[in-house]
>>> print(open('start_16.csv').read())   # CSV, C-alpha atoms
chain,number,residue,atom,x,y,z
Y,3,MET,CA,0.0,0.0,0.0
Y,4,GLU,CA,1.2,3.5,-0.9
Y,5,PRO,CA,2.3,5.6,2.1
Y,6,GLU,CA,-0.2,8.4,1.3
Y,7,GLN,CA,-3.0,5.9,0.9
Y,8,LEU,CA,-2.1,4.3,4.2
Y,9,GLN,CA,-1.9,7.7,5.9
Y,10,GLU,CA,-5.4,8.6,4.6
Y,11,LEU,CA,-6.8,5.2,5.7
Y,12,ILE,CA,-5.4,5.6,9.2
Y,13,ALA,CA,-6.7,9.1,9.5
Y,14,ALA,CA,-10.2,8.0,8.4
Y,15,ALA,CA,-10.1,5.1,10.9
Y,16,GLN,CA,-9.0,7.4,13.7
Y,17,ALA,CA,-12.0,9.6,12.8
Y,18,GLY,CA,-14.3,6.6,13.3
Y,19,VAL,CA,-14.9,5.4,9.8
Y,20,GLY,CA,-15.7,1.7,10.0
Y,21,GLU,CA,-14.8,0.9,6.4
Y,22,ALA,CA,-11.3,2.3,6.9
Y,23,TYR,CA,-10.6,-0.3,9.7
Y,24,GLU,CA,-11.9,-3.1,7.4
Y,25,THR,CA,-9.6,-1.9,4.6
Y,26,LEU,CA,-6.6,-1.9,6.9
Y,27,LEU,CA,-7.3,-5.4,8.1
Y,28,GLU,CA,-8.0,-6.5,4.6
Y,29,ALA,CA,-4.6,-5.1,3.5
Y,30,TYR,CA,-2.6,-6.8,6.2
Y,31,TRP,CA,-4.5,-9.9,7.1
Y,32,PRO,CA,-2.5,-12.4,5.0
Y,33,ARG,CA,0.8,-11.3,6.6
Y,34,LEU,CA,-0.8,-11.2,10.0
Y,35,TYR,CA,-2.3,-14.6,9.6
Y,36,GLY,CA,1.1,-15.9,8.4
Y,37,TYR,CA,2.8,-14.5,11.4
Y,38,PHE,CA,0.3,-16.0,13.8
Y,39,LEU,CA,0.4,-19.4,12.1
Y,40,ARG,CA,4.2,-19.5,12.1
Y,41,ALA,CA,4.5,-18.3,15.6
Y,42,THR,CA,1.9,-20.7,17.1
Y,43,ALA,CA,2.1,-23.5,14.6
Y,44,ASN,CA,-1.7,-23.9,15.1
Y,45,ALA,CA,-4.3,-22.8,12.5
Y,46,HIS,CA,-7.1,-22.5,15.1
Y,47,GLU,CA,-5.0,-20.2,17.3
Y,48,ALA,CA,-3.9,-18.2,14.2
Y,49,GLU,CA,-7.5,-17.6,13.3
Y,50,ASP,CA,-8.4,-16.7,16.8
Y,51,LEU,CA,-5.5,-14.3,17.1
Y,52,LEU,CA,-6.5,-12.7,13.8
Y,53,GLY,CA,-9.9,-12.0,15.2
Y,54,GLU,CA,-8.3,-10.6,18.4
Y,55,MET,CA,-6.0,-8.4,16.2
Y,56,GLY,CA,-9.1,-6.8,14.6
Y,57,LEU,CA,-10.5,-5.9,18.1
Y,58,ARG,CA,-7.1,-4.5,19.2
Y,59,LEU,CA,-6.9,-2.5,16.0
Y,60,VAL,CA,-10.3,-0.9,16.8
Y,61,ARG,CA,-9.3,-0.2,20.5
Y,62,THR,CA,-5.8,1.1,20.0
Y,63,LEU,CA,-5.6,2.8,16.5
Y,64,ARG,CA,-6.7,6.1,18.0
Y,65,LYS,CA,-3.5,6.1,20.1
Y,66,TYR,CA,-1.3,5.5,17.0
Y,67,ASP,CA,1.0,8.4,16.3
Y,68,ASP,CA,1.4,8.9,12.6
Y,69,ARG,CA,5.0,10.0,12.9
Y,70,GLY,CA,6.1,6.4,13.3
Y,71,ARG,CA,5.8,3.5,10.8
Y,72,PHE,CA,2.5,1.7,10.8
Y,73,GLU,CA,3.7,-1.8,10.2
Y,74,PRO,CA,6.1,-2.1,13.1
Y,75,TRP,CA,3.3,-0.7,15.3
Y,76,LEU,CA,0.9,-3.3,14.0
Y,77,PHE,CA,3.3,-6.2,14.3
Y,78,ARG,CA,4.3,-5.1,17.8
Y,79,ILE,CA,0.6,-5.7,18.8
Y,80,ALA,CA,0.7,-9.0,17.0
Y,81,ALA,CA,3.9,-10.1,18.8
Y,82,ASN,CA,2.3,-9.2,22.2
Y,83,LEU,CA,-0.8,-11.2,21.3
Y,84,VAL,CA,1.4,-14.2,20.5
Y,85,ARG,CA,3.4,-13.8,23.7
Y,86,ASP,CA,0.2,-13.7,25.8
Y,87,ARG,CA,-1.1,-16.8,24.0
Y,88,ILE,CA,2.1,-18.8,24.4
Y,89,ARG,CA,2.2,-17.8,28.1
Y,90,ARG,CA,-1.3,-19.0,28.6
Y,91,ARG,CA,-0.6,-22.2,26.7
Y,92,LYS,CA,2.4,-22.8,29.0
Y,93,VAL,CA,0.2,-22.3,32.0
Y,94,ARG,CA,-2.4,-24.7,30.7
Y,95,GLY,CA,0.3,-27.2,29.8
Y,96,THR,CA,-0.9,-27.7,26.3
Y,97,MET,CA,1.5,-29.3,23.9
Y,98,ILE,CA,2.4,-27.4,20.7
Y,99,SER,CA,1.0,-29.2,17.8
Y,100,LEU,CA,3.3,-29.2,14.8
Y,101,SER,CA,0.9,-30.6,12.3
Y,102,MET,CA,-1.2,-27.9,10.8
Y,103,GLU,CA,-3.4,-30.4,8.9
Y,104,GLU,CA,-4.7,-32.0,12.1
Y,105,GLU,CA,-5.1,-28.7,13.9
Y,106,SER,CA,-6.9,-26.9,11.2
Y,107,GLY,CA,-9.4,-29.6,10.5
Y,108,ARG,CA,-10.2,-28.0,7.2
Y,109,ALA,CA,-9.3,-28.9,3.6
Y,110,ARG,CA,-6.4,-27.1,2.1
Y,111,GLY,CA,-8.6,-26.1,-0.8
Y,112,ASP,CA,-10.0,-23.4,1.5
Y,113,LEU,CA,-7.2,-21.1,0.5
Y,114,LEU,CA,-6.9,-17.6,-0.9
Y,115,PRO,CA,-8.2,-17.4,-4.5
Y,116,GLY,CA,-5.4,-18.3,-6.9
Y,117,VAL,CA,-3.1,-19.8,-4.4
Y,118,ALA,CA,-4.5,-23.4,-4.3
Y,119,PRO,CA,-1.9,-25.6,-6.0
Y,120,ALA,CA,-2.4,-28.9,-7.7
Y,121,VAL,CA,-2.9,-32.0,-5.6
Y,122,GLU,CA,0.7,-33.3,-5.9
Y,123,ALA,CA,2.2,-29.9,-5.4
Y,124,ARG,CA,-0.2,-29.4,-2.5
Y,125,MET,CA,1.2,-32.4,-0.7
Y,126,GLU,CA,4.8,-31.2,-1.2
Y,127,HIS,CA,3.8,-27.8,0.0
Y,128,ALA,CA,2.1,-29.2,3.1
Y,129,GLU,CA,5.2,-31.2,3.8
Y,130,ALA,CA,7.4,-28.1,3.5
Y,131,VAL,CA,5.1,-26.1,5.8
Y,132,ASP,CA,5.2,-28.9,8.4
Y,133,GLN,CA,9.0,-29.0,8.1
Y,134,LEU,CA,9.2,-25.2,8.7
Y,135,HIS,CA,6.8,-25.4,11.7
Y,136,GLU,CA,8.8,-28.2,13.2
Y,137,SER,CA,12.0,-26.3,12.7
Y,138,LEU,CA,10.7,-23.0,14.0
Y,139,ALA,CA,9.4,-24.8,17.1
Y,140,THR,CA,12.9,-25.9,18.0
Y,141,LEU,CA,14.1,-22.2,18.2
Y,142,ASP,CA,13.8,-20.3,21.5
Y,143,GLU,CA,10.8,-17.9,21.7
Y,144,THR,CA,12.8,-14.7,21.3
Y,145,THR,CA,14.8,-15.8,18.3
Y,146,ARG,CA,11.6,-17.1,16.6
Y,147,GLU,CA,9.8,-13.8,17.2
Y,148,MET,CA,12.7,-11.8,15.8
Y,149,ILE,CA,12.9,-13.9,12.7
Y,150,LEU,CA,9.1,-13.7,12.1
Y,151,LEU,CA,8.9,-10.0,12.8
Y,152,ARG,CA,11.7,-9.4,10.3
Y,153,HIS,CA,9.9,-11.5,7.6
Y,154,TYR,CA,6.2,-10.8,8.2
Y,155,GLY,CA,6.4,-7.4,9.9
Y,156,GLU,CA,9.1,-6.2,7.5
Y,157,MET,CA,10.7,-4.7,10.6
Y,158,SER,CA,14.3,-3.4,10.5
Y,159,PHE,CA,16.9,-4.7,12.9
Y,160,ARG,CA,16.8,-1.3,14.7
Y,161,GLU,CA,13.0,-1.6,15.2
Y,162,ILE,CA,13.3,-5.1,16.5
Y,163,ALA,CA,16.1,-4.0,18.8
Y,164,ASP,CA,13.9,-1.2,20.2
Y,165,LEU,CA,11.0,-3.6,20.7
Y,166,HIS,CA,13.2,-6.0,22.7
Y,167,ASP,CA,15.2,-3.2,24.3
Y,168,CYS,CA,18.6,-4.7,23.3
Y,169,PRO,CA,21.5,-3.7,21.1
Y,170,ILE,CA,21.1,-4.0,17.4
Y,171,GLY,CA,24.1,-6.3,17.1
Y,172,THR,CA,22.4,-8.8,19.5
Y,173,VAL,CA,19.3,-9.0,17.3
Y,174,LEU,CA,21.5,-9.7,14.2
Y,175,ALA,CA,23.5,-12.4,16.1
Y,176,LYS,CA,20.3,-14.1,17.2
Y,177,VAL,CA,18.6,-13.9,13.8
Y,178,HIS,CA,21.8,-15.2,12.1
Y,179,ARG,CA,22.1,-18.1,14.5
Y,180,GLY,CA,18.4,-18.9,14.3
Y,181,LEU,CA,18.2,-18.9,10.5
Y,182,LYS,CA,21.3,-21.1,10.3
Y,183,ALA,CA,19.8,-23.6,12.7
Y,184,LEU,CA,16.5,-23.5,10.8
Y,185,ARG,CA,18.3,-24.2,7.5
Y,186,CYS,CA,20.4,-27.0,9.0
Y,187,ARG,CA,17.3,-28.7,10.5
Y,188,MET,CA,15.2,-28.3,7.3
Y,189,ASP,CA,18.1,-29.8,5.2
Y,190,LYS,CA,18.4,-32.7,7.7
Y,191,VAL,CA,14.6,-33.4,7.6
Y,192,HIS,CA,14.6,-33.2,3.9
Y,193,ASP,CA,17.5,-35.6,3.5
Y,194,THR,CA,15.9,-38.1,6.0
Y,195,ARG,CA,12.7,-38.1,4.0
Y,196,ARG,CA,14.5,-38.5,0.7
Y,197,GLN,CA,16.3,-41.5,2.1
Y,198,THR,CA,13.0,-43.0,3.4
Y,199,ILE,CA,11.5,-42.7,0.0
M,15,MET,CA,32.8,-16.8,11.0
M,16,THR,CA,32.3,-15.6,14.6
M,17,LEU,CA,31.1,-12.0,14.8
M,18,ASP,CA,31.9,-9.5,17.5
M,19,ASP,CA,29.4,-6.9,18.6
M,20,ARG,CA,30.8,-4.2,16.4
M,21,GLN,CA,30.6,-6.4,13.3
M,22,SER,CA,27.1,-7.5,14.1
M,23,GLU,CA,26.0,-3.9,14.4
M,24,ARG,CA,27.6,-2.9,11.1
M,25,ILE,CA,26.0,-5.9,9.3
M,26,ALA,CA,22.6,-5.1,10.9
M,27,ARG,CA,22.8,-1.4,9.8
M,28,TRP,CA,23.8,-2.5,6.3
M,29,LEU,CA,20.8,-4.8,6.1
M,30,ASP,CA,18.6,-2.0,7.3
M,31,GLY,CA,19.7,0.0,4.3
M,32,HIS,CA,22.3,2.3,5.8
M,33,PRO,CA,25.5,2.9,3.7
M,34,VAL,CA,28.1,0.8,5.6
M,35,ASP,CA,31.4,-0.2,4.0
M,36,LEU,CA,31.4,-3.9,4.9
M,37,THR,CA,34.5,-6.2,4.8
M,38,GLU,CA,34.4,-9.2,2.6
M,39,ALA,CA,33.7,-11.5,5.6
M,40,GLU,CA,30.9,-9.3,6.9
M,41,ARG,CA,29.3,-9.1,3.4
M,42,ALA,CA,29.3,-12.9,3.2
M,43,VAL,CA,27.4,-13.1,6.5
M,44,ALA,CA,24.9,-10.4,5.4
M,45,GLU,CA,24.3,-12.3,2.2
M,46,GLU,CA,23.9,-15.6,4.1
M,47,ILE,CA,21.2,-14.0,6.3
M,48,GLN,CA,19.4,-12.6,3.2
M,49,ARG,CA,19.4,-16.0,1.6
M,50,ASP,CA,18.3,-17.8,4.8
M,51,GLN,CA,15.4,-15.4,5.2
M,52,THR,CA,13.9,-16.9,2.0
M,53,LEU,CA,13.2,-20.1,3.9
M,54,LEU,CA,10.1,-18.4,5.3
M,55,GLU,CA,8.8,-17.5,1.9
M,56,SER,CA,6.8,-20.7,1.4
M,57,GLU,CA,3.1,-19.8,1.0
M,58,VAL,CA,0.9,-19.8,4.1
M,59,PRO,CA,-2.5,-21.2,3.5
M,60,ALA,CA,-4.7,-18.2,4.6
M,61,PRO,CA,-8.3,-19.2,4.8
M,62,ARG,CA,-10.7,-16.5,3.6
M,63,ALA,CA,-13.2,-17.7,6.3
M,64,ALA,CA,-10.7,-16.6,9.0
M,65,MET,CA,-10.7,-13.1,7.5
M,66,GLU,CA,-14.5,-13.0,7.4
M,67,ARG,CA,-14.8,-14.0,11.0
M,68,ALA,CA,-12.2,-11.4,12.0
M,69,ARG,CA,-14.1,-8.8,10.0
M,70,GLN,CA,-17.4,-9.7,11.8
M,71,GLN,CA,-15.7,-9.4,15.1
M,72,MET,CA,-14.3,-6.0,14.2
M,73,ARG,CA,-17.7,-4.7,13.0
M,74,ALA,CA,-19.3,-5.8,16.3
M,75,GLU,CA,-16.5,-4.1,18.2
M,76,LEU,CA,-17.0,-0.9,16.2
M,77,ALA,CA,-20.7,-1.0,16.9
M,78,ARG,CA,-20.1,-1.6,20.6
M,79,THR,CA,-17.6,1.3,20.7
M,80,ALA,CA,-20.1,3.6,19.0
M,81,ARG,CA,-22.8,2.6,21.4
M,82,HIS,CA,-20.5,3.2,24.4
M,83,GLY,CA,-19.6,6.6,23.0
M,84,LEU,CA,-23.3,7.5,22.7
M,85,GLN,CA,-24.0,6.3,26.3
M,86,THR,CA,-21.0,8.2,27.6
M,87,ARG,CA,-22.2,11.4,26.0
M,88,TRP,CA,-25.8,10.9,27.3
M,89,PHE,CA,-24.6,10.3,30.9
M,90,ALA,CA,-22.3,13.4,30.7
M,91,ARG,CA,-25.3,15.5,29.7
M,92,VAL,CA,-27.5,14.1,32.4
M,93,ALA,CA,-24.8,14.6,35.0
M,94,ALA,CA,-24.3,18.2,33.8
M,95,ALA,CA,-28.0,18.9,34.1
M,96,LEU,CA,-28.2,17.5,37.6
M,97,LEU,CA,-25.2,19.5,38.6
M,98,ILE,CA,-26.8,22.7,37.4
M,99,ALA,CA,-30.1,21.8,39.2
M,100,CYS,CA,-28.3,21.1,42.5
M,101,THR,CA,-26.2,24.3,42.3
M,102,THR,CA,-29.3,26.4,41.6
M,103,TRP,CA,-31.2,24.8,44.5
M,104,LEU,CA,-28.3,25.3,46.9
M,105,LEU,CA,-27.9,29.0,45.9
M,106,PHE,CA,-31.7,29.5,46.3
M,107,THR,CA,-31.8,28.0,49.8
M,108,ALA,CA,-28.6,29.7,50.9
M,109,LEU,CA,-29.8,33.2,50.1
M,110,PRO,CA,-31.4,35.2,53.0
M,111,THR,CA,-35.2,35.5,52.9
M,112,LYS,CA,-37.0,38.8,52.9
M,113,LYS,CA,-39.4,37.9,55.8
M,114,PRO,CA,-39.7,40.6,58.4
M,115,ALA,CA,-38.1,40.0,61.7
M,116,HIS,CA,-41.3,40.4,63.7
M,117,ALA,CA,-43.3,37.9,61.6
M,118,PRO,CA,-44.6,34.9,63.5
M,119,PRO,CA,-42.6,31.7,63.0
M,120,THR,CA,-44.3,29.5,60.5
M,121,GLU,CA,-41.9,26.6,61.1
M,122,ILE,CA,-43.6,25.8,64.4
M,123,ALA,CA,-46.6,24.3,62.5
M,124,GLU,CA,-44.2,21.7,61.0
M,125,VAL,CA,-43.1,20.5,64.5
M,126,PRO,CA,-44.9,17.4,65.6
M,127,LEU,CA,-47.2,17.8,68.7
M,128,GLU,CA,-45.2,15.3,70.7
M,129,GLU,CA,-42.1,17.2,70.3
M,130,LEU,CA,-43.8,20.4,71.3
M,131,LEU,CA,-45.2,18.9,74.5
M,132,ASP,CA,-41.9,17.4,75.4
M,133,ALA,CA,-40.2,20.7,74.9
M,134,MET,CA,-42.8,22.4,77.0
M,135,GLU,CA,-42.3,19.9,79.8
M,136,HIS,CA,-38.6,20.5,79.9
M,137,SER,CA,-38.9,24.2,79.5
M,138,THR,CA,-38.3,26.8,82.3
M,139,VAL,CA,-40.8,29.2,80.8
M,140,PHE,CA,-43.5,28.4,83.4
M,141,ALA,CA,-41.1,29.2,86.3
M,142,ASP,CA,-40.2,32.4,84.6
M,143,LEU,CA,-43.9,33.2,84.1
M,144,ASP,CA,-44.6,32.6,87.8
M,145,GLN,CA,-41.9,34.9,88.8
M,146,LEU,CA,-43.1,37.5,86.4
M,147,GLU,CA,-46.6,37.1,87.8
M,148,GLN,CA,-45.3,37.6,91.3
M,149,GLU,CA,-43.5,40.7,90.3
M,150,ILE,CA,-46.6,42.1,88.7
M,151,ALA,CA,-48.6,41.5,91.8
M,152,GLU,CA,-46.0,43.4,93.9
M,153,ILE,CA,-46.1,46.3,91.5
M,154,ARG,CA,-49.9,46.3,91.6
M,155,ALA,CA,-49.8,46.4,95.4
M,156,GLU,CA,-47.4,49.3,95.4
M,157,ILE,CA,-49.5,51.1,92.8
M,158,ALA,CA,-52.6,50.5,94.9
M,159,VAL,CA,-50.8,51.9,98.0
M,160,SER,CA,-49.6,54.8,96.1
M,161,THR,CA,-53.0,55.5,94.6
M,162,GLN,CA,-54.5,55.4,98.1
M,163,ASN,CA,-52.0,58.0,99.3
M,164,GLU,CA,-52.8,60.1,96.4
M,165,ALA,CA,-56.5,60.0,97.2
M,166,THR,CA,-55.9,61.0,100.8
M,167,ASP,CA,-53.7,63.8,99.7
M,168,LEU,CA,-56.4,65.0,97.3
M,169,LYS,CA,-59.0,64.8,100.1
M,170,ILE,CA,-56.8,66.8,102.4
M,171,GLU,CA,-56.1,69.3,99.7
M,172,ALA,CA,-59.9,69.6,99.0
M,173,ILE,CA,-60.6,70.1,102.7
M,174,GLU,CA,-57.9,72.7,102.9
M,175,GLN,CA,-59.4,74.4,99.9
M,176,GLN,CA,-62.9,74.4,101.5
M,177,LEU,CA,-61.4,75.7,104.7
M,178,ASN,CA,-59.7,78.5,102.8
M,179,ASN,CA,-62.9,79.3,101.0
M,180,LEU,CA,-64.8,79.3,104.2
M,181,TRP,CA,-62.4,81.6,105.9
M,182,ILE,CA,-62.5,83.9,103.0
M,183,GLU,CA,-66.3,83.9,103.0
M,184,ASP,CA,-66.4,84.4,106.7
M,185,LEU,CA,-63.8,87.1,106.5
M,186,ASP,CA,-65.7,89.0,103.9
M,187,ASP,CA,-68.9,88.8,105.8
M,188,GLY,CA,-67.2,89.9,109.1
M,189,PHE,CA,-65.2,92.6,107.5
M,190,LEU,CA,-68.2,93.8,105.7
M,191,ILE,CA,-70.2,93.8,108.9
M,192,ASP,CA,-67.4,95.4,110.8
M,193,ALA,CA,-66.7,97.9,108.1
M,194,GLY,CA,-70.4,98.5,107.5
>>> encode(input="start_16.csv", output="structure tokens")
Amino acid sequence: MEPEQLQELIAAAQAGVGEAYETLLEAYWPRLYGYFLRATANAHEAEDLLGEMGLRLVRTLRKYDDRGRFEPWLFRIAANLVRDRIRRRKVRGTMISLSMEEESGRARGDLLPGVAPAVEARMEHAEAVDQLHESLATLDETTREMILLRHYGEMSFREIADLHDCPIGTVLAKVHRGLKALRCRMDKVHDTRRQTI
Amino acid sequence: MTLDDRQSERIARWLDGHPVDLTEAERAVAEEIQRDQTLLESEVPAPRAAMERARQQMRAELARTARHGLQTRWFARVAAALLIACTTWLLFTALPTKKPAHAPPTEIAEVPLEELLDAMEHSTVFADLDQLEQEIAEIRAEIAVSTQNEATDLKIEAIEQQLNNLWIEDLDDGFLIDAG
């Protein structure tokens, strides 16, 4: 979205125009959903968090200061929602499910228009998604959040460092190590599956 | 390659788009990070139904917020009206009335009879009245005595006057006889 268009939308939403809120959510929901899904590895929770994100947007957008960037602000809220959810999950003692298929309980055909791949490709894709979720789940919570905020929130290292209140070099080191671990694990899983076949 | 803090910071700033002159080793790490970030680029199945549910929740929240805003404004108006009414009433009751000082008290009519009787029983007004009555009696007695004296004096004066008249009459007659 163009910065001017985004600015107008935010101003309209802050003035209480309902359609502006919906347009904002419409513009960011695939990235937000992706972030929630990757962070929780659970389709139900991702969906639930997306709904909660809409509520938070209505409640907090009036406080948004237009001098800052909107996306880091939005994904900061998303990160807080995920942290709360993970904390609650730890309290309840629920196990993290790494299989999106069994958690979602819905056919993979229920996708965004134009993104549903062919059956064979879909299976491969599902496998890749599962691999990624498994690999992400092995990372510590902070590193996972930093990597996901960088990718889905398109946040700079400086913005992530400000969010975590730590030096920018620390963020880079964590992201570097995390991504390397992710790649190693995915390569290993890929090799194992190839050998099995 | 193991990075120290300074190198990490330089690479991070370069990846954030700042013009940093990286060494060859630093640039290799930066490119490795850029390449590894593509691992996350696999498509996420994003169900449209999830978005629709989120939209419904958002609409409900917007409606709730609007209702809440209306209620808040209504309560604020009612509170302001009540405040004005209370202030007016207080001002009205606190101002001095224009009733004359000698006007009989009307508030006594509002006092219950039991309270009045009780107040009378414990009042010293009857003793005061008795004393007053006694004092009046004494004054009356004094006045009566004083009035009696006055009457006697008047009588004496009248007798003296008659005697004088008599003397004068007798004198005139005698004188006239003698002189005649």
>>> residues_around(input="start_16.csv", residues="M:Arg78", least_positions_apart="5", cutoff="12 Å", atoms="only C-alpha atoms", output="list in words")
Gly20, Leu57, Val60 and Arg61 of chain Y; Gln71, Met72, Arg73, Gly83, Leu84 and Gln85 of chain M
>>> interface_residues(input="start_16.csv", of="chain M", to="chain Y", cutoff="10 Å", atoms="only C-alpha atoms", output="VMD selection string")
chain M and resid 16 to 31 43 to 44 46 to 77 79 to 80
>>> atom_distance(input="start_16.csv", atom1="atom CA of Y:Thr145", atom2="atom CA of Y:Asp86")
16.5 Å
>>> atom_distance(input="start_16.csv", atom1="atom CA of M:Val159", atom2="atom CA of M:Ala141")
27.3 Å
>>> atom_distance(input="start_16.csv", atom1="atom CA of Y:Glu6", atom2="atom CA of Y:Arg69")
12.8 Å
